[in-house]
Each structure stands twice: as structure tokens, then as C-alpha cells.
>>> print(open('run-v5.csv').read())   # CSV, C-alpha atoms
chain,number,residue,atom,x,y,z
A,662,MET,CA,-65.1,115.2,-19.5
A,663,ASP,CA,-62.5,117.4,-17.7
A,664,GLY,CA,-65.3,119.8,-16.9
A,665,LEU,CA,-67.5,117.1,-15.3
A,666,ASN,CA,-64.5,115.7,-13.4
A,667,ALA,CA,-63.8,119.2,-12.0
A,668,LEU,CA,-67.5,119.7,-11.1
A,669,ALA,CA,-67.6,116.3,-9.3
A,670,LYS,CA,-64.4,117.2,-7.4
A,671,THR,CA,-65.9,120.5,-6.3
A,672,LEU,CA,-69.1,118.8,-5.3
A,673,LEU,CA,-67.2,116.3,-3.1
A,674,GLU,CA,-65.2,119.1,-1.5
A,675,THR,CA,-68.3,121.2,-0.8
A,676,LEU,CA,-70.0,118.1,0.8
A,677,ARG,CA,-66.9,117.6,3.0
A,678,ASP,CA,-67.0,121.3,4.1
A,679,LEU,CA,-70.8,121.3,4.8
A,680,ALA,CA,-70.9,117.9,6.6
A,681,PRO,CA,-69.5,119.3,9.9
A,682,ILE,CA,-72.1,122.1,9.9
A,683,LEU,CA,-75.0,119.6,9.3
A,684,ALA,CA,-73.5,117.3,12.0
A,685,ILE,CA,-73.4,120.1,14.6
A,686,ILE,CA,-77.0,121.2,13.9
A,687,VAL,CA,-78.4,117.6,14.0
A,688,GLY,CA,-76.3,116.7,17.0
A,689,PHE,CA,-77.4,119.6,19.1
A,690,GLN,CA,-81.0,119.0,18.0
A,691,TRP,CA,-81.0,115.4,19.1
A,692,ALA,CA,-78.4,115.3,21.9
A,693,VAL,CA,-78.9,118.7,23.6
A,694,LEU,CA,-82.4,119.8,22.8
A,695,ARG,CA,-83.7,116.2,22.5
A,696,GLN,CA,-86.2,117.3,19.9
A,697,PRO,CA,-86.9,115.8,16.5
A,698,ILE,CA,-86.0,117.9,13.5
A,699,ALA,CA,-89.1,119.7,12.2
A,700,HIS,CA,-89.9,119.0,8.6
A,701,PRO,CA,-87.0,116.6,7.9
A,702,ARG,CA,-87.8,116.2,4.2
A,703,ARG,CA,-87.8,120.0,3.7
A,704,VAL,CA,-84.5,120.3,5.6
A,705,PHE,CA,-82.9,117.5,3.5
A,706,VAL,CA,-84.1,119.1,0.2
A,707,GLY,CA,-82.8,122.5,1.4
A,708,PHE,CA,-79.4,121.0,2.2
A,709,VAL,CA,-79.3,119.5,-1.3
A,710,TYR,CA,-80.1,122.9,-2.8
A,711,VAL,CA,-77.3,124.5,-0.7
A,712,LEU,CA,-74.9,121.8,-1.8
A,713,ILE,CA,-75.7,122.2,-5.5
A,714,GLY,CA,-75.8,126.0,-5.3
A,715,ILE,CA,-72.4,126.4,-3.6
A,716,THR,CA,-70.8,123.8,-5.9
A,717,LEU,CA,-72.1,125.7,-9.0
A,718,PHE,CA,-71.1,129.0,-7.5
A,719,LEU,CA,-67.5,127.9,-6.8
A,720,GLU,CA,-67.1,126.3,-10.2
A,721,GLY,CA,-68.5,129.5,-11.8
A,722,LEU,CA,-65.9,131.5,-9.9
A,723,GLU,CA,-63.1,129.4,-11.3
A,724,MET,CA,-64.5,129.5,-14.8
A,725,ALA,CA,-65.6,133.1,-15.1
A,726,LEU,CA,-65.2,135.7,-12.4
A,727,PHE,CA,-61.6,135.0,-11.3
A,728,PRO,CA,-60.2,134.8,-14.9
A,729,LEU,CA,-62.3,137.8,-16.0
A,730,GLY,CA,-61.1,140.0,-13.1
A,731,GLU,CA,-57.5,139.1,-13.6
A,732,LEU,CA,-57.7,139.6,-17.4
A,733,MET,CA,-59.2,143.0,-17.0
A,734,ALA,CA,-56.6,144.1,-14.6
A,735,ARG,CA,-53.7,142.8,-16.8
A,736,GLN,CA,-55.2,144.5,-19.9
A,737,LEU,CA,-55.6,147.9,-18.1
A,738,ALA,CA,-52.1,147.7,-16.7
A,739,ASP,CA,-50.5,146.5,-19.9
A,740,PRO,CA,-47.7,149.0,-21.0
A,741,GLY,CA,-49.0,148.9,-24.6
A,742,PHE,CA,-52.4,150.0,-23.5
A,743,LEU,CA,-51.0,152.7,-21.2
A,744,GLY,CA,-48.6,153.9,-23.7
A,745,ILE,CA,-45.5,153.5,-21.5
A,746,SER,CA,-42.2,151.8,-22.2
A,747,PRO,CA,-41.8,148.4,-20.5
A,748,SER,CA,-38.2,149.4,-19.7
A,749,ALA,CA,-39.2,152.6,-18.0
A,750,PRO,CA,-36.9,153.3,-14.9
A,751,ALA,CA,-39.9,153.9,-12.6
A,752,VAL,CA,-43.6,153.4,-12.3
A,753,LEU,CA,-45.6,156.6,-12.2
A,754,TRP,CA,-48.9,156.4,-10.4
A,755,SER,CA,-50.4,158.8,-12.9
A,756,ASP,CA,-49.9,156.2,-15.7
A,757,TYR,CA,-52.6,154.0,-14.2
A,758,LEU,CA,-55.6,156.3,-14.1
A,759,TRP,CA,-57.7,153.8,-16.0
A,760,VAL,CA,-57.0,151.1,-13.4
A,761,TYR,CA,-58.2,153.4,-10.6
A,762,LEU,CA,-61.3,154.3,-12.5
A,763,PHE,CA,-62.1,150.6,-13.2
A,764,ALA,CA,-61.6,149.7,-9.6
A,765,VAL,CA,-63.9,152.6,-8.5
A,766,CYS,CA,-66.6,151.5,-10.9
A,767,LEU,CA,-66.2,147.9,-10.1
A,768,GLY,CA,-66.5,148.5,-6.3
A,769,PHE,CA,-69.5,150.7,-6.7
A,770,ALA,CA,-71.4,148.3,-9.0
A,771,SER,CA,-70.6,145.1,-7.2
A,772,SER,CA,-71.6,146.6,-3.8
A,773,LEU,CA,-75.0,147.8,-5.1
A,774,ALA,CA,-75.6,144.2,-6.4
A,775,GLU,CA,-74.3,142.5,-3.2
A,776,PRO,CA,-77.2,140.4,-1.7
A,777,SER,CA,-75.8,140.8,1.8
A,778,VAL,CA,-75.8,144.6,1.6
A,779,ILE,CA,-79.3,144.6,0.2
A,780,ALA,CA,-80.5,142.3,3.0
A,781,VAL,CA,-78.9,144.4,5.8
A,782,ALA,CA,-80.2,147.7,4.3
A,783,LEU,CA,-83.8,146.4,4.1
A,784,LYS,CA,-83.7,145.0,7.6
A,785,ALA,CA,-82.2,148.2,9.0
A,786,GLN,CA,-85.0,150.3,7.3
A,787,GLU,CA,-87.6,147.9,8.7
A,788,ILE,CA,-86.4,147.9,12.3
A,789,SER,CA,-85.7,151.6,12.4
A,790,GLY,CA,-89.2,152.4,11.2
A,791,GLY,CA,-87.9,154.2,8.1
A,792,ALA,CA,-85.4,156.4,10.1
A,793,ILE,CA,-82.6,154.6,8.1
A,794,ASN,CA,-83.2,154.7,4.4
A,795,ALA,CA,-82.3,151.4,2.7
A,796,TRP,CA,-81.3,153.0,-0.6
A,797,GLY,CA,-79.2,155.7,1.1
A,798,LEU,CA,-77.4,153.0,3.1
A,799,ARG,CA,-76.7,151.0,0.0
A,800,LEU,CA,-75.3,154.0,-1.8
A,801,ALA,CA,-73.1,154.9,1.2
A,802,VAL,CA,-71.7,151.4,1.2
A,803,ALA,CA,-71.1,151.4,-2.5
A,804,VAL,CA,-69.4,154.8,-2.4
A,805,GLY,CA,-67.2,153.5,0.5
A,806,VAL,CA,-66.2,150.4,-1.4
A,807,ALA,CA,-65.5,152.4,-4.5
A,808,VAL,CA,-63.2,154.8,-2.7
A,809,GLY,CA,-61.5,151.9,-0.9
A,810,LEU,CA,-60.8,150.0,-4.1
A,811,GLY,CA,-59.5,153.1,-5.8
A,812,LEU,CA,-57.1,153.8,-2.9
A,813,GLY,CA,-56.2,150.1,-2.7
A,814,THR,CA,-55.2,149.9,-6.4
A,815,PHE,CA,-53.2,153.1,-5.9
A,816,ARG,CA,-51.4,151.4,-3.1
A,817,ILE,CA,-50.6,148.4,-5.3
A,818,VAL,CA,-49.3,150.6,-8.1
A,819,THR,CA,-47.1,152.8,-5.8
A,820,GLY,CA,-46.0,149.9,-3.5
A,821,GLY,CA,-47.2,151.7,-0.3
A,822,SER,CA,-47.4,150.0,3.1
A,823,LEU,CA,-50.7,148.1,3.6
A,824,VAL,CA,-50.3,148.4,7.4
A,825,ALA,CA,-49.9,152.2,7.2
A,826,TYR,CA,-53.1,152.6,5.1
A,827,ILE,CA,-55.2,150.3,7.2
A,828,PHE,CA,-53.9,151.8,10.5
A,829,ALA,CA,-54.7,155.4,9.3
A,830,GLY,CA,-58.1,154.2,8.1
A,831,TYR,CA,-59.1,152.7,11.5
A,832,VAL,CA,-57.9,155.8,13.3
A,833,LEU,CA,-60.4,157.7,11.3
A,834,VAL,CA,-63.0,155.1,12.0
A,835,LEU,CA,-62.4,155.5,15.8
A,836,ILE,CA,-62.7,159.3,15.5
A,837,GLN,CA,-65.9,159.1,13.5
A,838,THR,CA,-67.3,156.5,15.9
A,839,ALA,CA,-66.8,158.9,18.8
A,840,PHE,CA,-69.1,161.6,17.2
A,841,ALA,CA,-71.5,159.4,15.2
A,842,PRO,CA,-75.2,158.8,16.3
A,843,ARG,CA,-75.4,155.6,18.4
A,844,ILE,CA,-78.1,154.2,16.2
A,845,ILE,CA,-75.8,153.8,13.3
A,846,ILE,CA,-72.5,152.6,14.9
A,847,GLY,CA,-73.3,148.9,15.0
A,848,LEU,CA,-74.9,149.0,11.6
A,849,ALA,CA,-71.8,150.7,10.1
A,850,TYR,CA,-69.4,148.1,11.5
A,851,ASP,CA,-71.6,145.3,10.3
A,852,SER,CA,-72.0,146.8,6.8
A,853,GLY,CA,-68.2,146.9,6.5
A,854,GLY,CA,-68.3,143.1,6.8
A,855,VAL,CA,-71.2,142.2,4.6
A,856,THR,CA,-69.6,144.1,1.6
A,857,THR,CA,-67.1,141.2,1.3
A,858,SER,CA,-69.5,138.5,0.2
A,859,THR,CA,-70.4,136.4,-2.8
A,860,ILE,CA,-70.1,139.0,-5.6
A,861,THR,CA,-67.5,141.5,-4.3
A,862,VAL,CA,-64.8,139.2,-3.0
A,863,PRO,CA,-64.1,137.1,-6.2
A,864,LEU,CA,-63.9,140.2,-8.3
A,865,VAL,CA,-61.8,142.2,-5.9
A,866,ALA,CA,-59.4,139.4,-5.2
A,867,ALA,CA,-58.9,138.8,-9.0
A,868,LEU,CA,-58.4,142.5,-9.6
A,869,GLY,CA,-55.7,142.7,-6.9
A,870,LEU,CA,-53.8,139.6,-8.1
A,871,GLY,CA,-54.1,140.6,-11.8
A,872,LEU,CA,-52.9,144.1,-11.1
A,873,ALA,CA,-49.9,143.1,-8.9
A,874,SER,CA,-48.9,140.6,-11.6
A,875,SER,CA,-48.8,143.3,-14.3
A,876,VAL,CA,-47.2,146.3,-12.5
A,877,PRO,CA,-43.4,146.1,-12.7
A,878,GLY,CA,-41.7,145.5,-9.4
A,879,ARG,CA,-44.8,144.1,-7.6
A,880,ASP,CA,-45.2,140.6,-6.1
A,881,PRO,CA,-48.7,139.1,-6.4
A,882,VAL,CA,-48.2,137.3,-3.1
A,883,VAL,CA,-47.1,140.4,-1.2
A,884,ASP,CA,-48.9,143.2,-3.0
A,885,GLY,CA,-51.9,141.3,-4.6
A,886,PHE,CA,-53.8,140.8,-1.4
A,887,GLY,CA,-55.2,143.5,0.8
A,888,LEU,CA,-57.9,145.0,-1.4
A,889,ILE,CA,-60.6,143.2,0.5
A,890,ALA,CA,-59.4,145.0,3.7
A,891,PHE,CA,-60.0,148.3,1.9
A,892,ALA,CA,-63.5,147.1,0.8
A,893,CYS,CA,-64.3,146.3,4.5
A,894,LEU,CA,-62.8,149.5,6.0
A,895,PHE,CA,-64.1,152.3,3.8
A,896,PRO,CA,-67.8,151.4,3.9
A,897,ILE,CA,-67.6,151.9,7.7
A,898,LEU,CA,-66.2,155.4,7.2
A,899,ALA,CA,-68.8,156.2,4.5
A,900,ILE,CA,-71.8,155.1,6.6
A,901,LEU,CA,-70.6,157.0,9.7
A,902,THR,CA,-70.1,160.1,7.5
A,903,TYR,CA,-73.5,159.5,5.9
A,904,ALA,CA,-75.1,159.2,9.4
A,905,ARG,CA,-73.5,162.5,10.6
A,906,ILE,CA,-74.6,164.4,7.5
A,907,ALA,CA,-78.1,163.0,7.8
A,908,ASP,CA,-78.2,163.9,11.5
A,909,TRP,CA,-77.0,167.4,10.8
A,910,LEU,CA,-79.6,167.9,8.0
A,911,GLY,CA,-82.3,166.6,10.3
A,912,ARG,CA,-81.4,169.0,13.1
A,913,ARG,CA,-81.1,171.8,10.6
A,914,ARG,CA,-84.6,171.0,9.2
A,915,ALA,CA,-86.1,170.8,12.7
A,916,ALA,CA,-84.5,174.2,13.6
A,917,HIS,CA,-86.0,175.8,10.4
A,918,GLN,CA,-89.4,174.4,11.2
A,919,SER,CA,-89.3,175.7,14.8
A,920,GLU,CA,-88.3,179.1,13.5
A,921,ALA,CA,-91.1,179.1,11.0
A,922,LYS,CA,-93.6,178.5,13.8
>>> encode(input="run-v5.csv", output="C-alpha cells")
Amino acid sequence: MDGLNALAKTLLETLRDLAPILAIIVGFQWAVLRQPIAHPRRVFVGFVYVLIGITLFLEGLEMALFPLGELMARQLADPGFLGISPSAPAVLWSDYLWVYLFAVCLGFASSLAEPSVIAVALKAQEISGGAINAWGLRLAVAVGVAVGLGLGTFRIVTGGSLVAYIFAGYVLVLIQTAFAPRIIIGLAYDSGGVTTSTITVPLVAALGLGLASSVPGRDPVVDGFGLIAFACLFPILAILTYARIADWLGRRRAAHQSEAK
């Protein structure tokens, strides 16, 4: 019964959140465009599907992904698992190597499975006529998220300044942007945003909160958040780097072909 009550509450909250979106679309269609809605029955059924899907997704997050991510982080950071004394005078970053490895693997796997990343990669390959490889783009994004989460968990363990890390990262982004091929710049920046979507965000947020709750001297409110910023930033760097390497290889291949002729 408690589960059904929670599901009904989530359903009502989702309906409340979606109602303004539906009102804006219908209002503009009738009041501004002065056109009837095409296929109203299909639109209504689609809205019901969205309502049910988001409700089940949000409930699934609360039941599975958030608890699982926090549990994994706490177990990996547990002093008994790490073989360190809870009364140790200071936290050594080298004691948490399993945490970094878990964050790297989690970031890589969740990014490869992220629907938004897949959609952007396929569309980029289609529009570019194959000049941009969808699989290569997905791998670059996944590597970027993996590196970002590894560095982000290192920051939580060591208590480093989030502002300093993010500032340094975006300085590198600006430098990379100045030298990257123009065809990839917009795509790189967009890819940094689509990584933080339905699969990645719940797992990353749970990982950060669970880790900050387990590392001595860390505050979950202050230190537990910020991993998503790393997951947005480092894919941009990875794609810009991937584009420069691909451009260099292409020019080198063209030079070899011209020399052969």
C-alpha cells in the first residue's frame, strides 16, 4: 500500500509539472497560430505515455538507482574495505583507488548507454555525411565523462576547491576551442550537455553524495555535489581533442597520398 501511495503521489506531481508545458503548446496552437491540433487523439495518447513513463522513471530512481549508487560509494569508501583505521589522522588520496576506478568505469559505461549521446552522435554522422563517426564520438564522450568522474571523486576525497577545478577546465576548453576545427565546436559543447541525462545524472549524483557521506571530514551538502559539472566539462575537452587528432590524421593521410602520386 505504501508503494502504491508513493506511486500515486509521484504521478500527481508529474502531472502538475507537465501541465504548464501542455498548456503553453495548446495555447499557442489555438491563440497564436489559430490552428487546430493535428491528430488530437494521438497527441493525447502520447501525453499519457509521457506521464506514465516519467512517473515510473522517477519512482525507479528513488527505488533503485539512487540507493544503489550511494550504497556502492559507501561500501567502496568504507574503512574496513580499504583496510585503513577509522581514527587515522588524515585521509590519503591513495587509499581510495577503488573509488576512482569505480567512478571511471561508471562514467564510461553510463555515457555509452546514454540515449541522448546516441541520438546526437547518430544525427551528427548523418548531417556530416559520415565525416563525423558516431561510434568515435560516443567513445570520446565516454572517455571524457570517465576522466571527469575520476578527477571529480579525487576532488571529493582530497577536499579540493570545485571552483579551481572547473575554472582550470574551462580555460583548457577555451584554448582547445581556439585551435579546433569549426565543424566540431558546436557539437562538442552540445555533447557536454547531453551527457547529463536520464542514465548518467542519477548514478553520478548518488555516487557523489554517497562518497562525501563516507569520507571523513567531508560534508555531503558542500562536497557531495559537483560531479555532474565534471561530467559536462570533460566530454567537451575529449571531443575537441578527438577532433584535432582526427584532423591531424586526415591531413597526414592526404599528405602521404599526394607524395605517393
>>> closest_residue(input="run-v5.csv", among="A:Gly730, A:Pro881, A:Gly805, A:Gly768", to="Thr861 in chain A", atoms="only C-alpha atoms")
A:Gly768
>>> atom_distance(input="run-v5.csv", atom1="CA of Ala825 in chain A", atom2="CA of Gly853 in chain A")
19.1 Å
>>> residues_around(input="run-v5.csv", residues="Leu898 in chain A", least_positions_apart="3", cutoff="8 Å", atoms="only C-alpha atoms", output="ChimeraX atom specification")
/A:805,833-834,837,849,894-895,901-902
>>> write_last_selection(input="run-v5.csv", atoms="C-alpha atoms", output="tab-separated table (two decimals), in the coordinates of the input")
chain	number	residue	atom	x	y	z
A	805	GLY	CA	-67.20	153.50	0.50
A	833	LEU	CA	-60.40	157.70	11.30
A	834	VAL	CA	-63.00	155.10	12.00
A	837	GLN	CA	-65.90	159.10	13.50
A	849	ALA	CA	-71.80	150.70	10.10
A	894	LEU	CA	-62.80	149.50	6.00
A	895	PHE	CA	-64.10	152.30	3.80
A	901	LEU	CA	-70.60	157.00	9.70
A	902	THR	CA	-70.10	160.10	7.50
>>> closest_residue(input="run-v5.csv", among="A:Arg879, A:His700, A:Arg799, A:Arg905", to="Thr814 in chain A", atoms="all atoms listed in the file")
A:Arg879
>>> residues_around(input="run-v5.csv", residues="Glu723 in chain A", least_positions_apart="3", cutoff="12 Å", atoms="all atoms listed in the file", output="ChimeraX atom specification")
/A:664,667-668,671,716-720,726-731,863-864,867
>>> closest_atom_pairs(input="run-v5.csv", of="range 761-817 of chain A", to="range 885-888 of chain A", cutoff="9 Å", atoms="only C-alpha atoms", output="CSV")
residue,atom,partner,partner_atom,distance
A:Gly809,CA,A:Leu888,CA,7.8
A:Leu810,CA,A:Leu888,CA,6.4
A:Leu812,CA,A:Leu888,CA,9.0
A:Gly813,CA,A:Leu888,CA,5.5
A:Thr814,CA,A:Leu888,CA,7.5
A:Ile817,CA,A:Gly885,CA,7.3
>>> residues_around(input="run-v5.csv", residues="Ser772 in chain A", least_positions_apart="5", cutoff="10 Å", atoms="only C-alpha atoms", output="VMD selection string")
chain A and resid 766 to 767 777 to 779 799 to 807 855 to 858 860 to 861 892 896
>>> closest_residue(input="run-v5.csv", among="A:Val711, A:Pro740, A:Leu694, A:Tyr831", to="Ala680 in chain A", atoms="all atoms listed in the file")
A:Val711
>>> closest_residue(input="run-v5.csv", among="A:Ala866, A:Ala841, A:Ile788, A:Ala915", to="Ile900 in chain A", atoms="all atoms listed in the file")
A:Ala841
>>> closest_residue(input="run-v5.csv", among="A:Leu732, A:Ile897, A:Leu848, A:Leu798", to="Ser875 in chain A", atoms="all atoms listed in the file")
A:Leu732
>>> closest_residue(input="run-v5.csv", among="A:Ala764, A:Ser852, A:Cys893, A:Pro842", to="Pro776 in chain A", atoms="only C-alpha atoms")
A:Ser852
>>> atom_distance(input="run-v5.csv", atom1="CA of Leu672 in chain A", atom2="CA of Tyr710 in chain A")
12.0 Å
>>> atom_distance(input="run-v5.csv", atom1="CA of Val781 in chain A", atom2="CA of Ile698 in chain A")
28.5 Å
>>> residues_near_point(input="run-v5.csv", point="(-61.7, 151.2, -14.5)", cutoff="12 Å", atoms="only C-alpha atoms", output="MDAnalysis selection string")
chainID A and resid 730 733:738 757:770 807 810:811 814 868 872
>>> write_last_selection(input="run-v5.csv", atoms="C-alpha atoms", output="PDB file, keeping the file's coordinate frame")
ATOM      1  CA  GLY A 730     -61.100 140.000 -13.100  1.00  0.00           C
ATOM      2  CA  MET A 733     -59.200 143.000 -17.000  1.00  0.00           C
ATOM      3  CA  ALA A 734     -56.600 144.100 -14.600  1.00  0.00           C
ATOM      4  CA  ARG A 735     -53.700 142.800 -16.800  1.00  0.00           C
ATOM      5  CA  GLN A 736     -55.200 144.500 -19.900  1.00  0.00           C
ATOM      6  CA  LEU A 737     -55.600 147.900 -18.100  1.00  0.00           C
ATOM      7  CA  ALA A 738     -52.100 147.700 -16.700  1.00  0.00           C
ATOM      8  CA  TYR A 757     -52.600 154.000 -14.200  1.00  0.00           C
ATOM      9  CA  LEU A 758     -55.600 156.300 -14.100  1.00  0.00           C
ATOM     10  CA  TRP A 759     -57.700 153.800 -16.000  1.00  0.00           C
ATOM     11  CA  VAL A 760     -57.000 151.100 -13.400  1.00  0.00           C
ATOM     12  CA  TYR A 761     -58.200 153.400 -10.600  1.00  0.00           C
ATOM     13  CA  LEU A 762     -61.300 154.300 -12.500  1.00  0.00           C
ATOM     14  CA  PHE A 763     -62.100 150.600 -13.200  1.00  0.00           C
ATOM     15  CA  ALA A 764     -61.600 149.700  -9.600  1.00  0.00           C
ATOM     16  CA  VAL A 765     -63.900 152.600  -8.500  1.00  0.00           C
ATOM     17  CA  CYS A 766     -66.600 151.500 -10.900  1.00  0.00           C
ATOM     18  CA  LEU A 767     -66.200 147.900 -10.100  1.00  0.00           C
ATOM     19  CA  GLY A 768     -66.500 148.500  -6.300  1.00  0.00           C
ATOM     20  CA  PHE A 769     -69.500 150.700  -6.700  1.00  0.00           C
ATOM     21  CA  ALA A 770     -71.400 148.300  -9.000  1.00  0.00           C
ATOM     22  CA  ALA A 807     -65.500 152.400  -4.500  1.00  0.00           C
ATOM     23  CA  LEU A 810     -60.800 150.000  -4.100  1.00  0.00           C
ATOM     24  CA  GLY A 811     -59.500 153.100  -5.800  1.00  0.00           C
ATOM     25  CA  THR A 814     -55.200 149.900  -6.400  1.00  0.00           C
ATOM     26  CA  LEU A 868     -58.400 142.500  -9.600  1.00  0.00           C
ATOM     27  CA  LEU A 872     -52.900 144.100 -11.100  1.00  0.00           C
TER      28      LEU A 872
END
>>> build_atoms(input="run-v5.csv", residues="range 773-801 of chain A", atoms="N, CA and C atoms", output="PDB file, keeping the file's coordinate frame")
ATOM      1  N   LEU A 773     -73.538 147.564  -4.907  1.00  0.00           N
ATOM      2  CA  LEU A 773     -75.000 147.800  -5.100  1.00  0.00           C
ATOM      3  C   LEU A 773     -75.682 146.447  -5.360  1.00  0.00           C
ATOM      4  N   ALA A 774     -74.993 145.520  -6.036  1.00  0.00           N
ATOM      5  CA  ALA A 774     -75.600 144.200  -6.400  1.00  0.00           C
ATOM      6  C   ALA A 774     -75.384 143.171  -5.315  1.00  0.00           C
ATOM      7  N   GLU A 775     -74.628 143.487  -4.259  1.00  0.00           N
ATOM      8  CA  GLU A 775     -74.300 142.500  -3.200  1.00  0.00           C
ATOM      9  C   GLU A 775     -75.546 142.110  -2.438  1.00  0.00           C
ATOM     10  N   PRO A 776     -75.946 140.830  -2.468  1.00  0.00           N
ATOM     11  CA  PRO A 776     -77.200 140.400  -1.700  1.00  0.00           C
ATOM     12  C   PRO A 776     -77.094 140.696  -0.243  1.00  0.00           C
ATOM     13  N   SER A 777     -75.931 140.532   0.369  1.00  0.00           N
ATOM     14  CA  SER A 777     -75.800 140.800   1.800  1.00  0.00           C
ATOM     15  C   SER A 777     -76.056 142.219   2.170  1.00  0.00           C
ATOM     16  N   VAL A 778     -75.552 143.130   1.346  1.00  0.00           N
ATOM     17  CA  VAL A 778     -75.800 144.600   1.600  1.00  0.00           C
ATOM     18  C   VAL A 778     -77.250 144.900   1.458  1.00  0.00           C
ATOM     19  N   ILE A 779     -77.906 144.350   0.436  1.00  0.00           N
ATOM     20  CA  ILE A 779     -79.300 144.600   0.200  1.00  0.00           C
ATOM     21  C   ILE A 779     -80.136 144.101   1.436  1.00  0.00           C
ATOM     22  N   ALA A 780     -79.805 142.892   1.903  1.00  0.00           N
ATOM     23  CA  ALA A 780     -80.500 142.300   3.000  1.00  0.00           C
ATOM     24  C   ALA A 780     -80.377 143.152   4.298  1.00  0.00           C
ATOM     25  N   VAL A 781     -79.147 143.578   4.593  1.00  0.00           N
ATOM     26  CA  VAL A 781     -78.900 144.400   5.800  1.00  0.00           C
ATOM     27  C   VAL A 781     -79.605 145.736   5.685  1.00  0.00           C
ATOM     28  N   ALA A 782     -79.559 146.341   4.511  1.00  0.00           N
ATOM     29  CA  ALA A 782     -80.200 147.700   4.300  1.00  0.00           C
ATOM     30  C   ALA A 782     -81.693 147.584   4.504  1.00  0.00           C
ATOM     31  N   LEU A 783     -82.321 146.572   3.933  1.00  0.00           N
ATOM     32  CA  LEU A 783     -83.800 146.400   4.100  1.00  0.00           C
ATOM     33  C   LEU A 783     -84.167 146.154   5.515  1.00  0.00           C
ATOM     34  N   LYS A 784     -83.397 145.315   6.185  1.00  0.00           N
ATOM     35  CA  LYS A 784     -83.700 145.000   7.600  1.00  0.00           C
ATOM     36  C   LYS A 784     -83.497 146.243   8.469  1.00  0.00           C
ATOM     37  N   ALA A 785     -82.468 147.034   8.193  1.00  0.00           N
ATOM     38  CA  ALA A 785     -82.200 148.200   9.000  1.00  0.00           C
ATOM     39  C   ALA A 785     -83.370 149.244   8.792  1.00  0.00           C
ATOM     40  N   GLN A 786     -83.853 149.379   7.570  1.00  0.00           N
ATOM     41  CA  GLN A 786     -85.000 150.300   7.300  1.00  0.00           C
ATOM     42  C   GLN A 786     -86.236 149.808   8.034  1.00  0.00           C
ATOM     43  N   GLU A 787     -86.441 148.497   8.020  1.00  0.00           N
ATOM     44  CA  GLU A 787     -87.600 147.900   8.700  1.00  0.00           C
ATOM     45  C   GLU A 787     -87.602 148.127  10.175  1.00  0.00           C
ATOM     46  N   ILE A 788     -86.471 147.823  10.793  1.00  0.00           N
ATOM     47  CA  ILE A 788     -86.400 147.900  12.300  1.00  0.00           C
ATOM     48  C   ILE A 788     -86.388 149.337  12.745  1.00  0.00           C
ATOM     49  N   SER A 789     -85.778 150.232  11.979  1.00  0.00           N
ATOM     50  CA  SER A 789     -85.700 151.600  12.400  1.00  0.00           C
ATOM     51  C   SER A 789     -86.993 152.405  12.102  1.00  0.00           C
ATOM     52  N   GLY A 790     -87.964 151.743  11.497  1.00  0.00           N
ATOM     53  CA  GLY A 790     -89.200 152.400  11.200  1.00  0.00           C
ATOM     54  C   GLY A 790     -89.058 153.473  10.098  1.00  0.00           C
ATOM     55  N   GLY A 791     -88.089 153.282   9.216  1.00  0.00           N
ATOM     56  CA  GLY A 791     -87.900 154.200   8.100  1.00  0.00           C
ATOM     57  C   GLY A 791     -86.860 155.320   8.453  1.00  0.00           C
ATOM     58  N   ALA A 792     -86.357 155.342   9.701  1.00  0.00           N
ATOM     59  CA  ALA A 792     -85.400 156.400  10.100  1.00  0.00           C
ATOM     60  C   ALA A 792     -84.071 156.168   9.263  1.00  0.00           C
ATOM     61  N   ILE A 793     -83.766 154.918   8.948  1.00  0.00           N
ATOM     62  CA  ILE A 793     -82.600 154.600   8.100  1.00  0.00           C
ATOM     63  C   ILE A 793     -83.135 154.221   6.736  1.00  0.00           C
ATOM     64  N   ASN A 794     -82.733 154.949   5.725  1.00  0.00           N
ATOM     65  CA  ASN A 794     -83.200 154.700   4.400  1.00  0.00           C
ATOM     66  C   ASN A 794     -82.342 153.595   3.726  1.00  0.00           C
ATOM     67  N   ALA A 795     -82.998 152.549   3.230  1.00  0.00           N
ATOM     68  CA  ALA A 795     -82.300 151.400   2.700  1.00  0.00           C
ATOM     69  C   ALA A 795     -81.444 151.806   1.459  1.00  0.00           C
ATOM     70  N   TRP A 796     -82.021 152.604   0.567  1.00  0.00           N
ATOM     71  CA  TRP A 796     -81.300 153.000  -0.600  1.00  0.00           C
ATOM     72  C   TRP A 796     -80.128 153.915  -0.292  1.00  0.00           C
ATOM     73  N   GLY A 797     -80.333 154.831   0.644  1.00  0.00           N
ATOM     74  CA  GLY A 797     -79.200 155.700   1.100  1.00  0.00           C
ATOM     75  C   GLY A 797     -78.106 154.908   1.686  1.00  0.00           C
ATOM     76  N   LEU A 798     -78.466 153.882   2.475  1.00  0.00           N
ATOM     77  CA  LEU A 798     -77.400 153.000   3.100  1.00  0.00           C
ATOM     78  C   LEU A 798     -76.663 152.270   2.052  1.00  0.00           C
ATOM     79  N   ARG A 799     -77.356 151.726   1.071  1.00  0.00           N
ATOM     80  CA  ARG A 799     -76.700 151.000   0.000  1.00  0.00           C
ATOM     81  C   ARG A 799     -75.743 151.892  -0.795  1.00  0.00           C
ATOM     82  N   LEU A 800     -76.191 153.109  -1.065  1.00  0.00           N
ATOM     83  CA  LEU A 800     -75.300 154.000  -1.800  1.00  0.00           C
ATOM     84  C   LEU A 800     -74.096 154.409  -0.980  1.00  0.00           C
ATOM     85  N   ALA A 801     -74.281 154.601   0.334  1.00  0.00           N
ATOM     86  CA  ALA A 801     -73.100 154.900   1.200  1.00  0.00           C
ATOM     87  C   ALA A 801     -72.125 153.783   1.188  1.00  0.00           C
TER      88      ALA A 801
END
